[in-house]
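K.L.:
As input, take data01.pdb (PDB, C-alpha atoms and all ligand atoms):
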```
MODEL        1
ATOM      1  CA  MET A   1     -32.077 -73.895  53.167
ATOM      2  CA  SER A   2     -28.568 -72.696  52.379
ATOM      3  CA  VAL A   3     -27.243 -73.103  48.838
ATOM      4  CA  PRO A   4     -24.906 -76.097  48.463
ATOM      5  CA  THR A   5     -21.378 -74.708  48.470
ATOM      6  CA  VAL A   6     -17.864 -76.014  48.009
ATOM      7  CA  TYR A   7     -15.341 -74.033  50.040
ATOM      8  CA  ILE A   8     -12.026 -73.590  48.288
ATOM      9  CA  VAL A   9      -9.656 -73.063  51.163
ATOM     10  CA  GLY A  10      -6.146 -71.619  51.031
ATOM     11  CA  ALA A  11      -3.990 -73.818  53.247
ATOM     12  CA  GLY A  12      -1.126 -71.337  53.442
ATOM     13  CA  PRO A  13       2.481 -72.316  52.729
ATOM     14  CA  GLY A  14       2.808 -75.260  55.119
ATOM     15  CA  ASP A  15       3.081 -74.152  58.732
ATOM     16  CA  PRO A  16      -0.318 -75.195  60.121
ATOM     17  CA  GLU A  17      -0.498 -71.930  62.064
ATOM     18  CA  LEU A  18      -0.441 -69.978  58.801
ATOM     19  CA  ILE A  19      -3.991 -70.823  57.724
ATOM     20  CA  THR A  20      -6.785 -68.305  58.307
ATOM     21  CA  VAL A  21      -9.154 -68.817  61.232
ATOM     22  CA  LYS A  22     -12.002 -69.159  58.726
ATOM     23  CA  GLY A  23     -10.136 -71.728  56.645
ATOM     24  CA  GLN A  24      -9.374 -73.787  59.743
ATOM     25  CA  ARG A  25     -13.022 -73.668  60.858
ATOM     26  CA  ILE A  26     -14.241 -74.832  57.444
ATOM     27  CA  ILE A  27     -11.818 -77.761  57.553
ATOM     28  CA  GLU A  28     -12.969 -78.673  61.051
ATOM     29  CA  GLU A  29     -16.623 -78.667  59.957
ATOM     30  CA  ALA A  30     -16.072 -80.563  56.693
ATOM     31  CA  ASP A  31     -17.282 -84.089  55.939
ATOM     32  CA  LEU A  32     -15.027 -84.302  52.879
ATOM     33  CA  ILE A  33     -11.571 -82.709  52.757
ATOM     34  CA  LEU A  34      -9.994 -82.963  49.344
ATOM     35  CA  TYR A  35      -6.488 -81.534  49.272
ATOM     36  CA  THR A  36      -4.217 -80.898  46.335
ATOM     37  CA  ASP A  37      -0.674 -82.090  47.011
ATOM     38  CA  SER A  38       2.340 -82.518  49.237
ATOM     39  CA  LEU A  39       2.655 -78.788  49.940
ATOM     40  CA  VAL A  40      -0.586 -78.971  51.928
ATOM     41  CA  ASN A  41       0.409 -79.974  55.441
ATOM     42  CA  PRO A  42      -1.707 -82.897  56.771
ATOM     43  CA  ALA A  43      -1.181 -81.402  60.245
ATOM     44  CA  LEU A  44      -4.038 -79.069  59.247
ATOM     45  CA  PHE A  45      -6.368 -82.045  59.524
ATOM     46  CA  LYS A  46      -5.663 -82.906  63.160
ATOM     47  CA  HIS A  47      -8.965 -81.670  64.513
ATOM     48  CA  ILE A  48     -11.560 -82.793  62.037
ATOM     49  CA  LYS A  49     -15.059 -84.226  62.409
ATOM     50  CA  GLN A  50     -15.309 -87.854  63.351
ATOM     51  CA  GLY A  51     -15.843 -89.846  60.159
ATOM     52  CA  ALA A  52     -14.664 -87.045  57.869
ATOM     53  CA  VAL A  53     -13.018 -88.299  54.694
ATOM     54  CA  VAL A  54      -9.584 -86.847  53.910
ATOM     55  CA  GLN A  55      -8.309 -87.474  50.411
ATOM     56  CA  LYS A  56      -5.366 -86.242  48.373
ATOM     57  CA  SER A  57      -6.372 -85.314  44.826
ATOM     58  CA  ALA A  58      -2.901 -85.538  43.246
ATOM     59  CA  GLY A  59      -3.198 -88.155  40.511
ATOM     60  CA  MET A  60      -6.984 -87.753  40.139
ATOM     61  CA  ALA A  61      -8.400 -86.344  36.880
ATOM     62  CA  LEU A  62     -10.344 -83.074  37.008
ATOM     63  CA  GLU A  63     -13.665 -84.802  36.236
ATOM     64  CA  GLU A  64     -13.052 -87.288  39.055
ATOM     65  CA  ILE A  65     -12.229 -84.527  41.526
ATOM     66  CA  VAL A  66     -15.321 -82.550  40.614
ATOM     67  CA  SER A  67     -17.717 -85.488  40.644
ATOM     68  CA  PHE A  68     -16.364 -86.558  44.046
ATOM     69  CA  MET A  69     -17.217 -83.087  45.374
ATOM     70  CA  VAL A  70     -20.584 -82.930  43.578
ATOM     71  CA  GLU A  71     -21.692 -86.270  45.008
ATOM     72  CA  ALA A  72     -20.704 -85.245  48.518
ATOM     73  CA  VAL A  73     -22.407 -81.839  48.327
ATOM     74  CA  LYS A  74     -25.582 -83.371  46.853
ATOM     75  CA  ALA A  75     -25.640 -85.817  49.759
ATOM     76  CA  GLY A  76     -25.719 -82.808  52.111
ATOM     77  CA  LYS A  77     -22.070 -83.008  53.134
ATOM     78  CA  ASN A  78     -19.748 -80.091  53.830
ATOM     79  CA  VAL A  79     -16.829 -80.026  51.408
ATOM     80  CA  ALA A  80     -13.480 -78.299  51.854
ATOM     81  CA  ARG A  81     -11.321 -78.242  48.728
ATOM     82  CA  VAL A  82      -7.905 -77.353  50.117
ATOM     83  CA  HIS A  83      -5.235 -75.714  47.945
ATOM     84  CA  THR A  84      -1.653 -74.694  48.766
ATOM     85  CA  GLY A  85      -0.872 -71.100  49.622
ATOM     86  CA  ASP A  86      -3.554 -68.847  48.200
ATOM     87  CA  PRO A  87      -5.933 -70.644  45.819
ATOM     88  CA  THR A  88      -6.114 -67.692  43.414
ATOM     89  CA  VAL A  89      -2.436 -67.928  42.462
ATOM     90  CA  TYR A  90      -1.582 -70.886  40.177
ATOM     91  CA  GLY A  91      -4.355 -72.796  41.896
ATOM     92  CA  ALA A  92      -6.127 -74.171  38.792
ATOM     93  CA  VAL A  93      -9.400 -73.395  40.560
ATOM     94  CA  LEU A  94     -11.189 -71.803  37.601
ATOM     95  CA  GLU A  95     -12.066 -75.047  35.845
ATOM     96  CA  GLN A  96     -13.241 -76.646  39.090
ATOM     97  CA  MET A  97     -15.464 -73.662  39.866
ATOM     98  CA  ARG A  98     -16.928 -73.634  36.374
ATOM     99  CA  MET A  99     -17.795 -77.342  36.501
ATOM    100  CA  LEU A 100     -19.305 -76.983  39.983
ATOM    101  CA  HIS A 101     -21.377 -73.992  38.885
ATOM    102  CA  GLU A 102     -22.700 -76.067  35.963
ATOM    103  CA  GLN A 103     -24.073 -78.428  38.595
ATOM    104  CA  GLN A 104     -25.715 -75.517  40.480
ATOM    105  CA  ILE A 105     -23.146 -75.722  43.248
ATOM    106  CA  GLU A 106     -21.813 -72.464  44.596
ATOM    107  CA  THR A 107     -18.175 -71.932  45.441
ATOM    108  CA  GLU A 108     -16.518 -69.643  47.940
ATOM    109  CA  ILE A 109     -12.786 -69.003  48.054
ATOM    110  CA  ILE A 110     -11.137 -68.559  51.426
ATOM    111  CA  PRO A 111      -7.798 -66.784  50.878
ATOM    112  CA  GLY A 112      -4.512 -68.109  52.196
ATOM    113  CA  VAL A 113      -0.952 -66.931  52.744
ATOM    114  CA  SER A 114       0.752 -67.376  49.398
ATOM    115  CA  SER A 115       4.203 -68.938  49.343
ATOM    116  CA  ALA A 116       5.473 -65.716  47.738
ATOM    117  CA  PHE A 117       4.791 -63.864  50.967
ATOM    118  CA  ALA A 118       5.754 -66.730  53.255
ATOM    119  CA  ALA A 119       9.108 -66.943  51.447
ATOM    120  CA  ALA A 120       9.687 -63.196  51.746
ATOM    121  CA  ALA A 121       8.845 -63.418  55.446
ATOM    122  CA  SER A 122      11.220 -66.343  56.008
ATOM    123  CA  ALA A 123      13.991 -64.421  54.281
ATOM    124  CA  GLY A 124      13.196 -61.302  56.326
ATOM    125  CA  LEU A 125      12.550 -59.144  53.262
ATOM    126  CA  GLU A 126      10.390 -56.162  52.572
ATOM    127  CA  LEU A 127       9.459 -56.592  48.938
ATOM    128  CA  THR A 128       8.564 -52.939  48.432
ATOM    129  CA  VAL A 129      11.364 -50.677  49.590
ATOM    130  CA  PRO A 130      10.707 -46.954  49.080
ATOM    131  CA  GLU A 131      12.654 -45.380  46.230
ATOM    132  CA  LEU A 132      14.134 -48.755  45.321
ATOM    133  CA  THR A 133      11.174 -50.835  44.226
ATOM    134  CA  GLN A 134       7.480 -50.304  44.828
ATOM    135  CA  THR A 135       6.098 -53.113  42.704
ATOM    136  CA  VAL A 136       5.986 -56.884  43.035
ATOM    137  CA  ILE A 137       5.510 -59.169  40.058
ATOM    138  CA  LEU A 138       4.207 -62.673  40.718
ATOM    139  CA  THR A 139       5.066 -64.837  37.745
ATOM    140  CA  ARG A 140       6.675 -68.049  36.520
ATOM    141  CA  ALA A 141       9.116 -69.254  33.921
ATOM    142  CA  GLU A 142       7.573 -70.559  30.752
ATOM    143  CA  GLY A 143       7.251 -74.315  30.898
ATOM    144  CA  ARG A 144       4.583 -76.463  29.331
ATOM    145  CA  THR A 145       2.102 -73.672  30.060
ATOM    146  CA  PRO A 146       2.909 -70.981  27.476
ATOM    147  CA  MET A 147       3.210 -67.405  28.712
ATOM    148  CA  PRO A 148       0.946 -64.853  27.048
ATOM    149  CA  ASP A 149       2.884 -62.767  24.506
ATOM    150  CA  LYS A 150       2.787 -59.636  26.616
ATOM    151  CA  GLU A 151       4.057 -61.430  29.718
ATOM    152  CA  LYS A 152       7.346 -62.882  28.539
ATOM    153  CA  LEU A 153       9.759 -63.041  31.476
ATOM    154  CA  VAL A 154      12.308 -60.870  29.713
ATOM    155  CA  ASP A 155       9.725 -58.105  29.322
ATOM    156  CA  LEU A 156       8.577 -58.354  32.933
ATOM    157  CA  ALA A 157      12.192 -58.334  34.119
ATOM    158  CA  ARG A 158      12.812 -55.023  32.352
ATOM    159  CA  HIS A 159      10.737 -53.325  35.055
ATOM    160  CA  GLN A 160      13.556 -54.144  37.526
ATOM    161  CA  CYS A 161      11.082 -54.565  40.383
ATOM    162  CA  SER A 162      10.772 -57.342  42.965
ATOM    163  CA  THR A 163       9.859 -60.563  41.187
ATOM    164  CA  ALA A 164       8.592 -63.736  42.838
ATOM    165  CA  LEU A 165       8.804 -66.793  40.612
ATOM    166  CA  PHE A 166       6.553 -69.770  41.192
ATOM    167  CA  LEU A 167       6.998 -73.178  39.531
ATOM    168  CA  SER A 168      10.382 -72.168  38.166
ATOM    169  CA  ALA A 169      13.038 -74.040  40.164
ATOM    170  CA  ALA A 170      13.624 -76.570  37.404
ATOM    171  CA  LEU A 171      13.767 -73.827  34.765
ATOM    172  CA  ILE A 172      16.221 -71.576  36.513
ATOM    173  CA  LYS A 173      18.669 -71.268  33.608
ATOM    174  CA  LYS A 174      15.869 -69.766  31.496
ATOM    175  CA  VAL A 175      15.073 -67.339  34.307
ATOM    176  CA  VAL A 176      18.672 -66.186  34.655
ATOM    177  CA  ASP A 177      19.018 -65.709  30.880
ATOM    178  CA  ALA A 178      15.837 -63.632  30.746
ATOM    179  CA  PHE A 179      16.988 -61.380  33.596
ATOM    180  CA  PHE A 180      20.429 -60.861  32.050
ATOM    181  CA  THR A 181      18.848 -60.029  28.692
ATOM    182  CA  ALA A 182      16.619 -57.537  30.484
ATOM    183  CA  GLY A 183      19.651 -55.723  31.879
ATOM    184  CA  TRP A 184      20.113 -57.147  35.384
ATOM    185  CA  SER A 185      23.694 -57.775  36.505
ATOM    186  CA  ALA A 186      25.467 -60.791  37.889
ATOM    187  CA  ASP A 187      25.661 -59.347  41.405
ATOM    188  CA  ASP A 188      21.948 -58.521  41.661
ATOM    189  CA  ALA A 189      20.369 -60.262  44.631
ATOM    190  CA  CYS A 190      18.173 -63.372  44.704
ATOM    191  CA  VAL A 191      16.754 -65.470  47.514
ATOM    192  CA  VAL A 192      15.477 -68.980  47.031
ATOM    193  CA  VAL A 193      13.236 -70.406  49.710
ATOM    194  CA  TYR A 194      12.634 -74.123  49.531
ATOM    195  CA  LYS A 195       9.505 -75.236  51.428
ATOM    196  CA  ALA A 196       8.918 -71.913  53.134
ATOM    197  CA  SER A 197       7.581 -72.327  56.679
ATOM    198  CA  TRP A 198       8.121 -76.119  56.783
ATOM    199  CA  PRO A 199      10.541 -77.685  59.290
ATOM    200  CA  ASP A 200      12.898 -78.586  56.411
ATOM    201  CA  GLU A 201      12.800 -75.092  54.910
ATOM    202  CA  LYS A 202      16.015 -73.999  53.202
ATOM    203  CA  ILE A 203      16.951 -70.400  52.458
ATOM    204  CA  VAL A 204      19.618 -69.722  49.846
ATOM    205  CA  ARG A 205      20.782 -66.115  49.512
ATOM    206  CA  THR A 206      22.693 -65.612  46.338
ATOM    207  CA  THR A 207      23.153 -63.477  43.237
ATOM    208  CA  LEU A 208      21.824 -63.777  39.727
ATOM    209  CA  GLY A 209      25.280 -64.866  38.558
ATOM    210  CA  ASN A 210      25.394 -67.718  41.086
ATOM    211  CA  LEU A 211      21.711 -68.609  41.232
ATOM    212  CA  HIS A 212      21.815 -71.685  39.033
ATOM    213  CA  GLU A 213      24.935 -73.136  40.653
ATOM    214  CA  ASP A 214      23.734 -72.427  44.215
ATOM    215  CA  MET A 215      20.408 -74.105  43.554
ATOM    216  CA  ARG A 216      22.204 -77.097  42.066
ATOM    217  CA  LYS A 217      24.539 -77.325  45.083
ATOM    218  CA  ASN A 218      21.546 -77.215  47.417
ATOM    219  CA  ARG A 219      19.657 -79.732  45.241
ATOM    220  CA  ILE A 220      16.650 -77.463  44.876
ATOM    221  CA  THR A 221      14.664 -78.463  41.823
ATOM    222  CA  LYS A 222      11.069 -77.999  43.030
ATOM    223  CA  GLN A 223       8.869 -76.676  45.838
ATOM    224  CA  ALA A 224      10.781 -73.427  45.887
ATOM    225  CA  MET A 225      10.054 -69.719  45.604
ATOM    226  CA  VAL A 226      12.668 -67.708  43.740
ATOM    227  CA  ILE A 227      12.714 -64.018  44.584
ATOM    228  CA  ILE A 228      14.834 -61.737  42.443
ATOM    229  CA  SER A 229      14.898 -58.250  43.896
ATOM    230  CA  LYS A 230      17.137 -55.279  44.582
ATOM    231  CA  ALA A 231      15.386 -55.291  47.959
ATOM    232  CA  ALA A 232      17.040 -58.614  48.800
ATOM    233  CA  ASP A 233      20.533 -57.147  48.610
ATOM    234  CA  GLU A 234      22.152 -57.252  52.078
ATOM    235  CA  ARG A 235      24.089 -54.065  51.271
ATOM    236  CA  VAL A 236      20.859 -52.236  50.541
ATOM    237  CA  LEU A 237      19.188 -53.633  53.623
ATOM    238  CA  GLN A 238      22.005 -52.538  55.895
ATOM    239  CA  SER A 239      22.739 -49.166  54.333
ATOM    240  CA  GLY A 240      19.801 -47.357  55.961
ATOM    241  CA  LYS A 241      19.548 -45.405  52.717
ATOM    242  CA  TYR A 242      16.080 -46.500  51.804
ATOM    243  CA  GLN A 243      13.321 -46.158  54.311
ATOM    244  CA  SER A 244       9.650 -45.322  54.439
ATOM    245  CA  LYS A 245       8.640 -41.788  55.282
ATOM    246  CA  LEU A 246       5.731 -43.171  57.243
ATOM    247  CA  TYR A 247       7.521 -43.015  60.590
ATOM    248  CA  ASP A 248       9.632 -39.981  59.748
ATOM    249  CA  LYS A 249       9.177 -37.227  62.376
ATOM    250  CA  THR A 250       9.158 -34.540  59.663
ATOM    251  CA  PHE A 251       6.525 -36.290  57.550
ATOM    252  CA  THR A 252       2.976 -35.315  58.508
ATOM    253  CA  HIS A 253       0.035 -37.544  57.794
ATOM    254  CA  GLY A 254      -3.600 -37.999  58.728
ATOM    255  CA  TYR A 255      -2.864 -39.481  62.141
ATOM    256  CA  ARG A 256      -0.384 -36.782  63.157
ATOM    257  CA  LYS A 257      -1.088 -33.417  61.605
ATOM    258  CA  GLY A 258      -1.432 -31.829  58.187
ATOM    259  CA  VAL A 259      -3.097 -33.226  55.100
ATOM    260  CA  PRO A 260      -4.062 -36.889  55.047
ATOM    261  CA  SER A 261      -1.307 -38.584  53.089
ATOM    262  CA  TYR A 262      -1.333 -41.977  54.778
ATOM    263  CA  GLU A 263      -2.731 -44.636  52.459
TER
HETATM  264  C1  LIG B   1       0.909 -74.838  41.858
HETATM  265  S1  LIG B   1       1.822 -73.536  42.581
HETATM  266  C2  LIG B   1       0.759 -73.100  43.883
HETATM  267  C3  LIG B   1       1.065 -71.781  44.518
HETATM  268  C4  LIG B   1       0.183 -71.471  45.701
HETATM  269  N1  LIG B   1      -1.177 -71.263  45.297
HETATM  270  C5  LIG B   1       0.658 -70.254  46.517
HETATM  271  O1  LIG B   1      -0.055 -69.238  46.597
HETATM  272  O2  LIG B   1       1.738 -70.350  47.109
HETATM  273  C6  LIG B   1       3.133 -74.410  43.354
HETATM  274  C7  LIG B   1       4.387 -73.581  43.424
HETATM  275  O3  LIG B   1       4.248 -72.659  44.481
HETATM  276  C8  LIG B   1       5.470 -72.498  45.147
HETATM  277  N2  LIG B   1       5.293 -72.959  46.536
HETATM  278  C9  LIG B   1       4.169 -73.413  47.112
HETATM  279  N3  LIG B   1       4.363 -73.632  48.421
HETATM  280  C10 LIG B   1       5.645 -73.300  48.678
HETATM  281  C11 LIG B   1       6.441 -73.252  49.856
HETATM  282  N4  LIG B   1       5.966 -73.626  51.038
HETATM  283  N5  LIG B   1       7.713 -72.808  49.746
HETATM  284  C12 LIG B   1       8.216 -72.399  48.560
HETATM  285  N6  LIG B   1       7.510 -72.416  47.431
HETATM  286  C13 LIG B   1       6.249 -72.851  47.481
HETATM  287  C14 LIG B   1       6.507 -73.307  44.397
HETATM  288  O4  LIG B   1       7.081 -72.468  43.425
HETATM  289  C15 LIG B   1       5.644 -74.351  43.744
HETATM  290  O5  LIG B   1       6.252 -74.836  42.564
ENDMDL
END
```
Would you mind writing the file out in structure tokens?
Ligand SMILES: C[S@@+](CC[C@H](N)C(=O)[O-])C[C@H]1O[C@@H](n2cnc3c(N)ncnc32)[C@H](O)[C@@H]1O
P.N.:
Amino acid sequence: MSVPTVYIVGAGPGDPELITVKGQRIIEEADLILYTDSLVNPALFKHIKQGAVVQKSAGMALEEIVSFMVEAVKAGKNVARVHTGDPTVYGAVLEQMRMLHEQQIETEIIPGVSSAFAAAASAGLELTVPELTQTVILTRAEGRTPMPDKEKLVDLARHQCSTALFLSAALIKKVVDAFFTAGWSADDACVVVYKASWPDEKIVRTTLGNLHEDMRKNRITKQAMVIISKAADERVLQSGKYQSKLYDKTFTHGYRKGVPSYE
């Protein structure tokens, strides 16, 4: 007999075509689908088993959520716990997994497309542009959840790499201050993507100096990804100055000739 398992499924950013094939199959086979909040698109639940229970967990306490899943699994039901984007990023899955494991229930995480990457895709960005920035930081502004001492936004911003900020739309003044303190300038580029991949998606291309005002004008206070990156600067994108050597005729790699240098 297989071990009772709760599948923690990444729903992707919203577009129902942006879930993995595996995630979709698990949802279709589930008897209980418990999904987190309004950034999980109910269109994902169009083709489910007859009689399957679909329930939003927003407003439920952790203990309630877990015991709902435990009861279902112990009754031999298939359970899909559906989280926005990728469950491993700001998913609050750790405590659920721990409590399920205490009840001898296994968990398996099915990855999803995080909103950081969906937002970059919507804005047509490459987050890692050779010789400009080769690192992406996924972080958030400090709110009620304190940031660890070594991860203060101002310190992260000093790296001057591409930064994707979750859960920060309402704290944007703090973000701008931290980036200025870290040495960024007012005309450095930012893109805000509200509800990436949804029909009412909004993309705001702006600068650090105008970020707060442009978000206010567009009434974006939540459900948004803020990307601050030199790679989002239209002038950089159009200059042709920065490009990968991967497709350069003079650059040899393992699939052409010479030493393997393609990673
Ligand atoms: C609790 S976190 C969950 C993040 C999720 N696990 C992920 O990988 O995208 C919620 C935050 O993710 C961001 N977010 C989630 N879905 C989004 C979307 N479709 N468009 C823009 N931002 C989104 C927003 O910053 C939101 O405040």
K.L.:
Set up a box along x, y and z of the file covering all listed atoms of ligand LIG 1 (chain B), add 4 Å on every one of the six sides, and write the centre and edge lengths in Å to one decimal, as lines of an AutoDock Vina configuration file.
P.N.:
```
center_x = 3.5
center_y = -72.0
center_z = 46.4
size_x = 17.4
size_y = 13.6
size_z = 17.2
```
K.L.:
Which protein, DNA or RNA residues have an atom within 10 Å of ligand LIG 1 (chain B), counting only C-alpha atoms and all ligand atoms, as a ChimeraX atom specification?
P.N.:
/A:10-15,36-41,83-93,111-120,122,138-140,164-170,192-198,201-203,221-226
K.L.:
May I ask which of the residues A:Ser67, A:Thr133, A:Thr181, A:Gln50 is the closest one to A:Met99, counting all atoms listed in the file?
P.N.:
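Nearest candidate to A:Met99 out of A:Ser67, A:Thr133, A:Thr181, A:Gln50: A:Ser67.
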K.L.:
Using only C-alpha atoms, which residues sit within 9 Å of A:Ile33 once same-chain residues fewer than 5 positions away are excluded, as a list in words?
P.N.:
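Result of the neighbour search: Ile27, Phe45, Ala52, Val53, Val54, Gln55, Lys56, Asn78, Val79, Ala80, Arg81 and Val82 of chain A.
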K.L.:
Deliver the residues from the most recent selection as a file, using C-alpha atoms, as a PDB file, keeping the file's coordinate frame.
P.N.:
```
ATOM      1  CA  ILE A  27     -11.818 -77.761  57.553  1.00  0.00           C
ATOM      2  CA  PHE A  45      -6.368 -82.045  59.524  1.00  0.00           C
ATOM      3  CA  ALA A  52     -14.664 -87.045  57.869  1.00  0.00           C
ATOM      4  CA  VAL A  53     -13.018 -88.299  54.694  1.00  0.00           C
ATOM      5  CA  VAL A  54      -9.584 -86.847  53.910  1.00  0.00           C
ATOM      6  CA  GLN A  55      -8.309 -87.474  50.411  1.00  0.00           C
ATOM      7  CA  LYS A  56      -5.366 -86.242  48.373  1.00  0.00           C
ATOM      8  CA  ASN A  78     -19.748 -80.091  53.830  1.00  0.00           C
ATOM      9  CA  VAL A  79     -16.829 -80.026  51.408  1.00  0.00           C
ATOM     10  CA  ALA A  80     -13.480 -78.299  51.854  1.00  0.00           C
ATOM     11  CA  ARG A  81     -11.321 -78.242  48.728  1.00  0.00           C
ATOM     12  CA  VAL A  82      -7.905 -77.353  50.117  1.00  0.00           C
TER      13      VAL A  82
END
```
K.L.:
Please compute the atom CA of A:Glu95-atom CA of A:Arg144 distance, one decimal, in Å.
P.N.:
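Taking atom CA of A:Glu95 and atom CA of A:Arg144, their separation equals 17.9 Å.
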K.L.:
Return the single residue from A:Lys74, A:His212, A:His47, A:His159 that is closest to A:Ala186, with distances computed using only C-alpha atoms.
P.N.:
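Under the stated criterion, the closest residue is A:His212.
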K.L.:
Could you tell me how far atom CA of A:Met215 sits from atom CA of A:Val129, in Å to one decimal place?
P.N.:
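That distance, rounded to one decimal, is 25.8 Å.
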K.L.:
Distance atom CA of A:Lys49-atom CA of A:Leu94, one decimal place?
P.N.:
28.0 Å
K.L.:
Any chance you could work out the residue set of the PyMOL selection byres (((chain A and resi 132) around 9) and not hetatm) here, as a list of chain:residue names?
P.N.:
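For this structure, the PyMOL selection byres (((chain A and resi 132) around 9) and not hetatm) captures A:Thr128, A:Val129, A:Pro130, A:Glu131, A:Thr133, A:Gln134, A:Cys161, A:Lys230, A:Ala231, A:Tyr242.
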K.L.:
Write to file, as a compact mmCIF listing (two decimals), in the coordinates of the input, the residues of the selection just made, with C-alpha atoms.
P.N.:
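Final output, saved to out-v8.txt:
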```txt
# COMPACT_ATOMS: atom_id res chain seq x y z
CA THR A 128 8.56 -52.94 48.43
CA VAL A 129 11.36 -50.68 49.59
CA PRO A 130 10.71 -46.95 49.08
CA GLU A 131 12.65 -45.38 46.23
CA THR A 133 11.17 -50.84 44.23
CA GLN A 134 7.48 -50.30 44.83
CA CYS A 161 11.08 -54.56 40.38
CA LYS A 230 17.14 -55.28 44.58
CA ALA A 231 15.39 -55.29 47.96
CA TYR A 242 16.08 -46.50 51.80
```
K.L.:
Out of A:Asp31, A:Asp233, A:Glu126, A:Asp187, which residue has the shortest atom-to-atom distance to A:Glu71 when counting all atoms listed in the file?
P.N.:
A:Asp31
K.L.:
Show me as a PDB file with C-alpha atoms, keeping the file's coordinate frame the residues that reach within 10 Å of (-7.8, -85.5, 42.7), counting only C-alpha atoms and using the file's own coordinates.
P.N.:
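Printed below is point-v8.pdb as written:
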```
ATOM      1  CA  LEU A  34      -9.994 -82.963  49.344  1.00  0.00           C
ATOM      2  CA  TYR A  35      -6.488 -81.534  49.272  1.00  0.00           C
ATOM      3  CA  THR A  36      -4.217 -80.898  46.335  1.00  0.00           C
ATOM      4  CA  ASP A  37      -0.674 -82.090  47.011  1.00  0.00           C
ATOM      5  CA  GLN A  55      -8.309 -87.474  50.411  1.00  0.00           C
ATOM      6  CA  LYS A  56      -5.366 -86.242  48.373  1.00  0.00           C
ATOM      7  CA  SER A  57      -6.372 -85.314  44.826  1.00  0.00           C
ATOM      8  CA  ALA A  58      -2.901 -85.538  43.246  1.00  0.00           C
ATOM      9  CA  GLY A  59      -3.198 -88.155  40.511  1.00  0.00           C
ATOM     10  CA  MET A  60      -6.984 -87.753  40.139  1.00  0.00           C
ATOM     11  CA  ALA A  61      -8.400 -86.344  36.880  1.00  0.00           C
ATOM     12  CA  LEU A  62     -10.344 -83.074  37.008  1.00  0.00           C
ATOM     13  CA  GLU A  63     -13.665 -84.802  36.236  1.00  0.00           C
ATOM     14  CA  GLU A  64     -13.052 -87.288  39.055  1.00  0.00           C
ATOM     15  CA  ILE A  65     -12.229 -84.527  41.526  1.00  0.00           C
ATOM     16  CA  VAL A  66     -15.321 -82.550  40.614  1.00  0.00           C
ATOM     17  CA  PHE A  68     -16.364 -86.558  44.046  1.00  0.00           C
TER      18      PHE A  68
END
```
K.L.:
Counting all atoms listed in the file, which of A:Glu17, A:Asp155, A:Thr5, A:Ile26 gets nearest to A:His101?
P.N.:
A:Thr5
K.L.:
Skip stretch 150-154 of chain A itself and residues of its chain fewer than 6 positions away, then list as a list in words all residues within 10 Å of it, counting all atoms listed in the file.
P.N.:
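Listed by chain and then number, they are Thr139, Arg140, Ala141, Glu142, Leu165, Lys174, Val175, Val176, Asp177, Ala178, Phe179, Phe180, Thr181, Ala182 and Gly183 of chain A.
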K.L.:
Using the chain letters and residue numbers of this document, give as a ChimeraX atom specification the residues selected by the PyMOL selection byres (((chain A and resi 188) around 9) and not hetatm).
P.N.:
/A:184-187,189-190,206-209,228-230,232-233
